[in-house]
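Okay, final38.pdb is below, PDB, C-alpha atoms, pLDDT in the B column:
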```pdb
ATOM      1  CA  MET L   1     -27.510 -12.199  -2.038  1.00 75.00           C
ATOM      2  CA  GLU L   2     -27.972  -8.732  -0.543  1.00 93.00           C
ATOM      3  CA  LEU L   3     -24.787  -8.730   1.575  1.00 93.00           C
ATOM      4  CA  LYS L   4     -22.614  -9.409  -1.475  1.00 94.00           C
ATOM      5  CA  LYS L   5     -24.163  -6.439  -3.288  1.00 94.00           C
ATOM      6  CA  ILE L   6     -23.668  -4.228  -0.226  1.00 95.00           C
ATOM      7  CA  ILE L   7     -19.977  -5.126   0.090  1.00 94.00           C
ATOM      8  CA  GLU L   8     -19.469  -4.730  -3.658  1.00 93.00           C
ATOM      9  CA  ALA L   9     -21.021  -1.234  -3.506  1.00 94.00           C
ATOM     10  CA  ILE L  10     -18.829  -0.295  -0.519  1.00 94.00           C
ATOM     11  CA  LEU L  11     -15.638  -1.392  -2.288  1.00 93.00           C
ATOM     12  CA  PHE L  12     -16.700   0.280  -5.524  1.00 92.00           C
ATOM     13  CA  SER L  13     -17.421   3.621  -3.870  1.00 91.00           C
ATOM     14  CA  SER L  14     -14.393   3.774  -1.575  1.00 89.00           C
ATOM     15  CA  SER L  15     -11.286   5.539  -2.828  1.00 85.00           C
ATOM     16  CA  LYS L  16      -9.157   3.853  -0.144  1.00 88.00           C
ATOM     17  CA  PRO L  17      -8.781   0.235   0.936  1.00 91.00           C
ATOM     18  CA  VAL L  18     -11.493  -0.839   3.389  1.00 94.00           C
ATOM     19  CA  THR L  19     -10.414  -3.141   6.198  1.00 93.00           C
ATOM     20  CA  LEU L  20     -12.359  -6.227   7.196  1.00 93.00           C
ATOM     21  CA  LYS L  21     -12.586  -4.799  10.707  1.00 94.00           C
ATOM     22  CA  VAL L  22     -14.334  -1.653   9.436  1.00 94.00           C
ATOM     23  CA  ILE L  23     -16.708  -3.656   7.238  1.00 94.00           C
ATOM     24  CA  LYS L  24     -17.681  -5.847  10.192  1.00 94.00           C
ATOM     25  CA  LYS L  25     -18.142  -2.814  12.449  1.00 94.00           C
ATOM     26  CA  LYS L  26     -20.304  -0.879   9.962  1.00 94.00           C
ATOM     27  CA  LEU L  27     -22.352  -3.945   8.967  1.00 94.00           C
ATOM     28  CA  GLU L  28     -22.989  -5.095  12.512  1.00 94.00           C
ATOM     29  CA  GLU L  29     -26.366  -6.578  11.569  1.00 95.00           C
ATOM     30  CA  TYR L  30     -24.566  -9.348   9.638  1.00 94.00           C
ATOM     31  CA  PRO L  31     -22.587 -12.163  11.290  1.00 95.00           C
ATOM     32  CA  PRO L  32     -18.801 -11.574  11.016  1.00 94.00           C
ATOM     33  CA  ASP L  33     -18.150 -15.046   9.554  1.00 95.00           C
ATOM     34  CA  GLU L  34     -20.773 -14.429   6.839  1.00 95.00           C
ATOM     35  CA  ILE L  35     -19.105 -11.108   5.962  1.00 94.00           C
ATOM     36  CA  GLU L  36     -15.729 -12.860   5.659  1.00 94.00           C
ATOM     37  CA  GLN L  37     -17.221 -15.596   3.476  1.00 95.00           C
ATOM     38  CA  VAL L  38     -18.994 -13.123   1.170  1.00 94.00           C
ATOM     39  CA  LEU L  39     -15.843 -11.004   0.862  1.00 94.00           C
ATOM     40  CA  ARG L  40     -13.827 -14.122  -0.100  1.00 93.00           C
ATOM     41  CA  GLU L  41     -16.463 -15.104  -2.678  1.00 93.00           C
ATOM     42  CA  LEU L  42     -16.610 -11.612  -4.136  1.00 93.00           C
ATOM     43  CA  THR L  43     -12.811 -11.370  -4.322  1.00 92.00           C
ATOM     44  CA  ASN L  44     -12.616 -14.758  -6.047  1.00 92.00           C
ATOM     45  CA  GLU L  45     -15.355 -13.799  -8.506  1.00 92.00           C
ATOM     46  CA  TYR L  46     -13.598 -10.603  -9.521  1.00 91.00           C
ATOM     47  CA  ASN L  47     -10.108 -12.063  -9.612  1.00 87.00           C
ATOM     48  CA  SER L  48     -10.914 -15.260 -11.497  1.00 85.00           C
ATOM     49  CA  SER L  49     -13.220 -13.763 -14.103  1.00 76.00           C
ATOM     50  CA  ASP L  50     -12.508 -11.934 -17.322  1.00 86.00           C
ATOM     51  CA  ARG L  51     -13.173  -8.497 -15.807  1.00 88.00           C
ATOM     52  CA  SER L  52     -11.081  -5.372 -16.197  1.00 90.00           C
ATOM     53  CA  VAL L  53     -11.480  -4.698 -12.481  1.00 90.00           C
ATOM     54  CA  GLU L  54     -10.154  -6.750  -9.584  1.00 91.00           C
ATOM     55  CA  ILE L  55     -10.463  -6.697  -5.823  1.00 92.00           C
ATOM     56  CA  ALA L  56      -6.970  -6.300  -4.395  1.00 89.00           C
ATOM     57  CA  GLU L  57      -5.866  -6.853  -0.828  1.00 90.00           C
ATOM     58  CA  VAL L  58      -3.708  -3.794  -0.132  1.00 89.00           C
ATOM     59  CA  ALA L  59      -2.606  -1.853   2.930  1.00 86.00           C
ATOM     60  CA  GLY L  60      -4.487  -4.171   5.267  1.00 87.00           C
ATOM     61  CA  GLY L  61      -7.785  -3.783   3.443  1.00 92.00           C
ATOM     62  CA  TYR L  62      -9.663  -4.475   0.223  1.00 93.00           C
ATOM     63  CA  GLN L  63      -9.930  -2.182  -2.757  1.00 92.00           C
ATOM     64  CA  MET L  64     -11.525  -2.389  -6.177  1.00 92.00           C
ATOM     65  CA  ARG L  65      -8.873  -1.534  -8.773  1.00 89.00           C
ATOM     66  CA  THR L  66      -8.388  -1.544 -12.513  1.00 87.00           C
ATOM     67  CA  ARG L  67      -6.245  -4.462 -13.647  1.00 88.00           C
ATOM     68  CA  PRO L  68      -2.722  -3.298 -14.589  1.00 84.00           C
ATOM     69  CA  GLU L  69      -3.126  -4.262 -18.248  1.00 89.00           C
ATOM     70  CA  TYR L  70      -5.870  -1.609 -18.635  1.00 88.00           C
ATOM     71  CA  ARG L  71      -3.982   1.160 -16.862  1.00 82.00           C
ATOM     72  CA  ASP L  72      -2.865   2.952 -20.050  1.00 84.00           C
ATOM     73  CA  TRP L  73      -6.447   3.038 -21.365  1.00 86.00           C
ATOM     74  CA  VAL L  74      -7.846   4.385 -18.113  1.00 84.00           C
ATOM     75  CA  LYS L  75      -5.132   7.061 -17.902  1.00 80.00           C
ATOM     76  CA  ARG L  76      -6.632   8.618 -21.042  1.00 83.00           C
ATOM     77  CA  PHE L  77      -9.807   9.396 -19.089  1.00 83.00           C
ATOM     78  CA  VAL L  78      -8.788   9.695 -15.450  1.00 75.00           C
ATOM     79  CA  ARG L  79      -6.041  11.890 -14.178  1.00 67.00           C
ATOM     80  CA  GLU L  80      -3.848   9.817 -11.937  1.00 58.00           C
ATOM     81  CA  LYS L  81      -2.206  11.421  -8.931  1.00 58.00           C
ATOM     82  CA  ASP L  82       1.461  11.360  -9.814  1.00 56.00           C
ATOM     83  CA  VAL L  83       3.594  10.690  -6.790  1.00 62.00           C
ATOM     84  CA  GLY L  84       6.474  12.275  -8.740  1.00 77.00           C
ATOM     85  CA  LEU L  85       9.491  10.787  -6.994  1.00 86.00           C
ATOM     86  CA  THR L  86      13.034  11.618  -8.015  1.00 88.00           C
ATOM     87  CA  LYS L  87      15.818   9.044  -7.971  1.00 89.00           C
ATOM     88  CA  SER L  88      17.011  10.255  -4.540  1.00 90.00           C
ATOM     89  CA  MET L  89      13.476  10.035  -3.158  1.00 92.00           C
ATOM     90  CA  LEU L  90      13.038   6.512  -4.540  1.00 91.00           C
ATOM     91  CA  GLU L  91      16.373   5.485  -3.020  1.00 93.00           C
ATOM     92  CA  THR L  92      15.356   6.899   0.341  1.00 94.00           C
ATOM     93  CA  LEU L  93      11.911   5.306   0.185  1.00 94.00           C
ATOM     94  CA  SER L  94      13.435   1.936  -0.704  1.00 93.00           C
ATOM     95  CA  ILE L  95      15.880   2.126   2.189  1.00 94.00           C
ATOM     96  CA  VAL L  96      13.085   2.976   4.617  1.00 95.00           C
ATOM     97  CA  ALA L  97      10.864   0.207   3.229  1.00 94.00           C
ATOM     98  CA  TYR L  98      13.498  -2.512   3.551  1.00 93.00           C
ATOM     99  CA  LYS L  99      15.226  -1.408   6.755  1.00 93.00           C
ATOM    100  CA  GLN L 100      12.422   0.137   8.808  1.00 94.00           C
ATOM    101  CA  PRO L 101      12.385   1.422  11.445  1.00 93.00           C
ATOM    102  CA  ILE L 102      15.442   3.457  10.458  1.00 94.00           C
ATOM    103  CA  THR L 103      17.015   6.761  11.496  1.00 93.00           C
ATOM    104  CA  LYS L 104      18.036   9.593   9.174  1.00 93.00           C
ATOM    105  CA  LYS L 105      21.668   8.959  10.082  1.00 92.00           C
ATOM    106  CA  GLU L 106      21.336   5.321   8.946  1.00 93.00           C
ATOM    107  CA  ILE L 107      19.626   6.394   5.701  1.00 94.00           C
ATOM    108  CA  ASP L 108      22.409   8.929   5.041  1.00 93.00           C
ATOM    109  CA  SER L 109      25.012   6.249   5.743  1.00 93.00           C
ATOM    110  CA  VAL L 110      23.488   3.861   3.180  1.00 91.00           C
ATOM    111  CA  ARG L 111      23.062   6.574   0.539  1.00 91.00           C
ATOM    112  CA  GLY L 112      26.345   8.373   1.260  1.00 91.00           C
ATOM    113  CA  VAL L 113      24.649  11.786   1.068  1.00 92.00           C
ATOM    114  CA  ASP L 114      22.290  13.910   3.162  1.00 92.00           C
ATOM    115  CA  SER L 115      18.694  12.723   2.791  1.00 93.00           C
ATOM    116  CA  ALA L 116      16.886  15.561   4.585  1.00 93.00           C
ATOM    117  CA  ARG L 117      15.078  16.876   1.478  1.00 94.00           C
ATOM    118  CA  ALA L 118      14.008  13.412   0.329  1.00 93.00           C
ATOM    119  CA  ILE L 119      12.737  12.529   3.812  1.00 95.00           C
ATOM    120  CA  LYS L 120      10.836  15.830   4.043  1.00 94.00           C
ATOM    121  CA  PHE L 121       9.168  15.208   0.658  1.00 93.00           C
ATOM    122  CA  LEU L 122       8.265  11.595   1.535  1.00 94.00           C
ATOM    123  CA  LEU L 123       6.779  12.770   4.847  1.00 95.00           C
ATOM    124  CA  GLU L 124       4.735  15.438   3.020  1.00 92.00           C
ATOM    125  CA  ARG L 125       3.452  12.827   0.545  1.00 91.00           C
ATOM    126  CA  LYS L 126       2.630  10.553   3.506  1.00 93.00           C
ATOM    127  CA  LEU L 127       4.648   7.672   2.052  1.00 95.00           C
ATOM    128  CA  ILE L 128       6.715   7.513   5.247  1.00 96.00           C
ATOM    129  CA  CYS L 129       6.016   8.650   8.787  1.00 96.00           C
ATOM    130  CA  ILE L 130       7.788   9.070  12.084  1.00 94.00           C
ATOM    131  CA  GLY L 131       7.705   5.701  13.804  1.00 90.00           C
ATOM    132  CA  GLY L 132       8.840   6.825  17.233  1.00 88.00           C
ATOM    133  CA  ARG L 133      12.354   6.905  18.624  1.00 86.00           C
ATOM    134  CA  ASN L 134      15.025   4.229  18.788  1.00 81.00           C
ATOM    135  CA  GLY L 135      16.518   2.899  22.009  1.00 74.00           C
ATOM    136  CA  ASP L 136      20.013   4.319  21.392  1.00 71.00           C
ATOM    137  CA  ALA L 137      21.505   7.140  23.406  1.00 67.00           C
ATOM    138  CA  GLY L 138      20.007  10.340  22.094  1.00 71.00           C
ATOM    139  CA  LYS L 139      16.731   8.604  21.180  1.00 83.00           C
ATOM    140  CA  ARG L 140      16.829   9.418  17.454  1.00 87.00           C
ATOM    141  CA  ILE L 141      13.623   9.630  15.430  1.00 91.00           C
ATOM    142  CA  VAL L 142      12.983   6.567  13.273  1.00 94.00           C
ATOM    143  CA  PHE L 143      11.038   6.427  10.029  1.00 96.00           C
ATOM    144  CA  LYS L 144       8.764   3.746   8.615  1.00 96.00           C
ATOM    145  CA  THR L 145       6.456   3.345   5.640  1.00 96.00           C
ATOM    146  CA  THR L 146       2.750   4.153   5.834  1.00 95.00           C
ATOM    147  CA  GLU L 147      -0.523   2.586   4.760  1.00 91.00           C
ATOM    148  CA  LYS L 148      -0.499   5.023   1.826  1.00 90.00           C
ATOM    149  CA  PHE L 149       2.858   3.564   0.715  1.00 92.00           C
ATOM    150  CA  LEU L 150       1.298   0.103   0.707  1.00 91.00           C
ATOM    151  CA  GLU L 151      -1.737   1.379  -1.199  1.00 87.00           C
ATOM    152  CA  VAL L 152       0.278   3.272  -3.836  1.00 85.00           C
ATOM    153  CA  TYR L 153       2.515   0.278  -4.506  1.00 86.00           C
ATOM    154  CA  GLY L 154      -0.257  -2.329  -4.255  1.00 84.00           C
ATOM    155  CA  LEU L 155       1.169  -4.221  -1.292  1.00 88.00           C
ATOM    156  CA  ARG L 156      -0.671  -6.032   1.496  1.00 87.00           C
ATOM    157  CA  GLY L 157       2.289  -5.419   3.774  1.00 88.00           C
ATOM    158  CA  VAL L 158       6.035  -4.830   3.627  1.00 89.00           C
ATOM    159  CA  GLU L 159       6.530  -8.594   3.550  1.00 89.00           C
ATOM    160  CA  ASP L 160       5.210  -8.406  -0.050  1.00 87.00           C
ATOM    161  CA  LEU L 161       8.218  -6.332  -1.162  1.00 89.00           C
ATOM    162  CA  PRO L 162      10.367  -8.228  -3.653  1.00 86.00           C
ATOM    163  CA  THR L 163      13.373 -10.018  -2.195  1.00 83.00           C
ATOM    164  CA  TYR L 164      16.913  -9.590  -3.474  1.00 77.00           C
ATOM    165  CA  LYS L 165      16.523 -12.937  -5.304  1.00 81.00           C
ATOM    166  CA  ASP L 166      13.329 -11.682  -6.983  1.00 77.00           C
ATOM    167  CA  ILE L 167      15.137  -8.569  -8.204  1.00 75.00           C
ATOM    168  CA  GLU L 168      18.160 -10.585  -9.381  1.00 74.00           C
ATOM    169  CA  SER L 169      15.888 -12.908 -11.397  1.00 77.00           C
ATOM    170  CA  LEU L 170      14.527  -9.897 -13.312  1.00 74.00           C
ATOM    171  CA  GLU L 171      18.023  -9.122 -14.546  1.00 67.00           C
ATOM    172  CA  GLY L 172      18.668 -12.693 -15.760  1.00 58.00           C
TER     173      GLY L 172
END
```
Do you think you could lay out the structure here as C-alpha cells?
Amino acid sequence: MELKKIIEAILFSSSKPVTLKVIKKKLEEYPPDEIEQVLRELTNEYNSSDRSVEIAEVAGGYQMRTRPEYRDWVKRFVREKDVGLTKSMLETLSIVAYKQPITKKEIDSVRGVDSARAIKFLLERKLICIGGRNGDAGKRIVFKTTEKFLEVYGLRGVEDLPTYKDIESLEG
C-alpha cells in the first residue's frame, strides 16, 4: 500500500512529531479517513512487533522513536541533546507542569526560593513558555509547558503526567 509507505517515510525522516492535521493537509490527495486508518495500522504494526523502533504519540503528533530498552546502545553512536537540568530547574519545571498556568510568584511560593534563573533557563530551552497573563490585579505573566516539553518527556499531553498515586506506588 503506497500511502502506508509514504506515511512511514514521513515519520522516519521527521525529527519532530508530525500531527495528523499536518499529514492530512500535506497529503490532500488521500481521503482523511484513509490516512487515519493507515496511521493506526502503521502504529499498531510498529508497536506490536519485535522492532527496536516504535511509533509514539507525543506532543499532539506521531514520531518514530527508538524503544527505551535500546537507548543505551544508540547513545554510543548518536549524540543526544542533553537538556541538562539542575535540581532547581527540575523542581520549577515540575511545578509548572502540574500547576499550569502559574505565575512566578506562585512558583517561588511553592519552592520557597526565587526561581528567576530556573525560569529563564527553561524559557531558553523552550520547555516552558509565557502563557499570557492571569486575571488578578496587576495581570501577572503566567507560564505553561510547551510542545517541546511533551516531546522531550514522551507525553501526548500533560494529562499523561504521573499522578501522586503513581509516584507513591514507585516508592512501595
Please report the interatomic distance between atom CA of Ile102 of chain L and atom CA of Leu150 of chain L in Å with one decimal.
17.5 Å
What does the distance from atom CA of Leu127 of chain L to atom CA of Gln100 of chain L come to in Å, to one decimal?
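Interatomic distance here is 12.8 Å.
Between atom CA of Ser13 of chain L and atom CA of Cys129 of chain L there is a distance of 27.1 Å.
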Evaluated on this file, the PyMOL selection byres ((chain L and resi 111-113) around 12) picks out some residues - which ones are they, written as a PyMOL selection string?
chain L and resi 87-96+104-110+114-118
Between L:Gly84, L:Val142, L:Ser48, L:Asp166, which has the minimum distance to Arg67 of chain L (counting all atoms listed in the file)?
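Residue with the minimum atom-to-atom distance to Arg67 of chain L: L:Ser48.
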Using all atoms listed in the file, which of L:Met1, L:Leu161, L:Val53, L:Val78 sits nearest Arg65 of chain L?
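The shortest atom-to-atom distance to Arg65 of chain L comes from L:Val53.
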What's around segment 5-11 of chain L at 12 Å? Count all atoms listed in the file, leave out sequence neighbours fewer than 4 positions away in its own chain, and write the answer as a PyMOL selection string.
chain L and resi 1+15-20+22-24+26-27+30+34-43+45-46+53-57+61-65
Selection: 12 Å around Pro68 of chain L, only C-alpha atoms, excl. self and same-chain fewer than 4 positions, as JSON, numbers by chain:
{"L": [51, 52, 53, 54, 56, 72, 73, 74, 75, 153, 154]}
Can you give me, as a short mmCIF file (atom, residue, chain, number, x, y, z; two decimals) with C-alpha atoms, in the frame of the given file, the residues this file yields under the PyMOL selection byres ((chain L and resi 145) around 6)?
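Below is the file that was written, selection-v8.cif:
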```cif
data_model
loop_
_atom_site.label_atom_id
_atom_site.label_comp_id
_atom_site.auth_asym_id
_atom_site.auth_seq_id
_atom_site.Cartn_x
_atom_site.Cartn_y
_atom_site.Cartn_z
CA ALA L 97 10.86 0.21 3.23
CA LEU L 127 4.65 7.67 2.05
CA ILE L 128 6.72 7.51 5.25
CA LYS L 144 8.76 3.75 8.62
CA THR L 146 2.75 4.15 5.83
#
```
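Distance check against Lys148 of chain L using only C-alpha atoms: of L:Pro31, L:Ile119, L:Ala59, L:Phe77, the minimum falls on L:Ala59.
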Using only C-alpha atoms: which of L:Pro162, L:Gly132, L:Gly60, L:Glu69 has the shortest distance to Phe149 of chain L:
L:Gly60
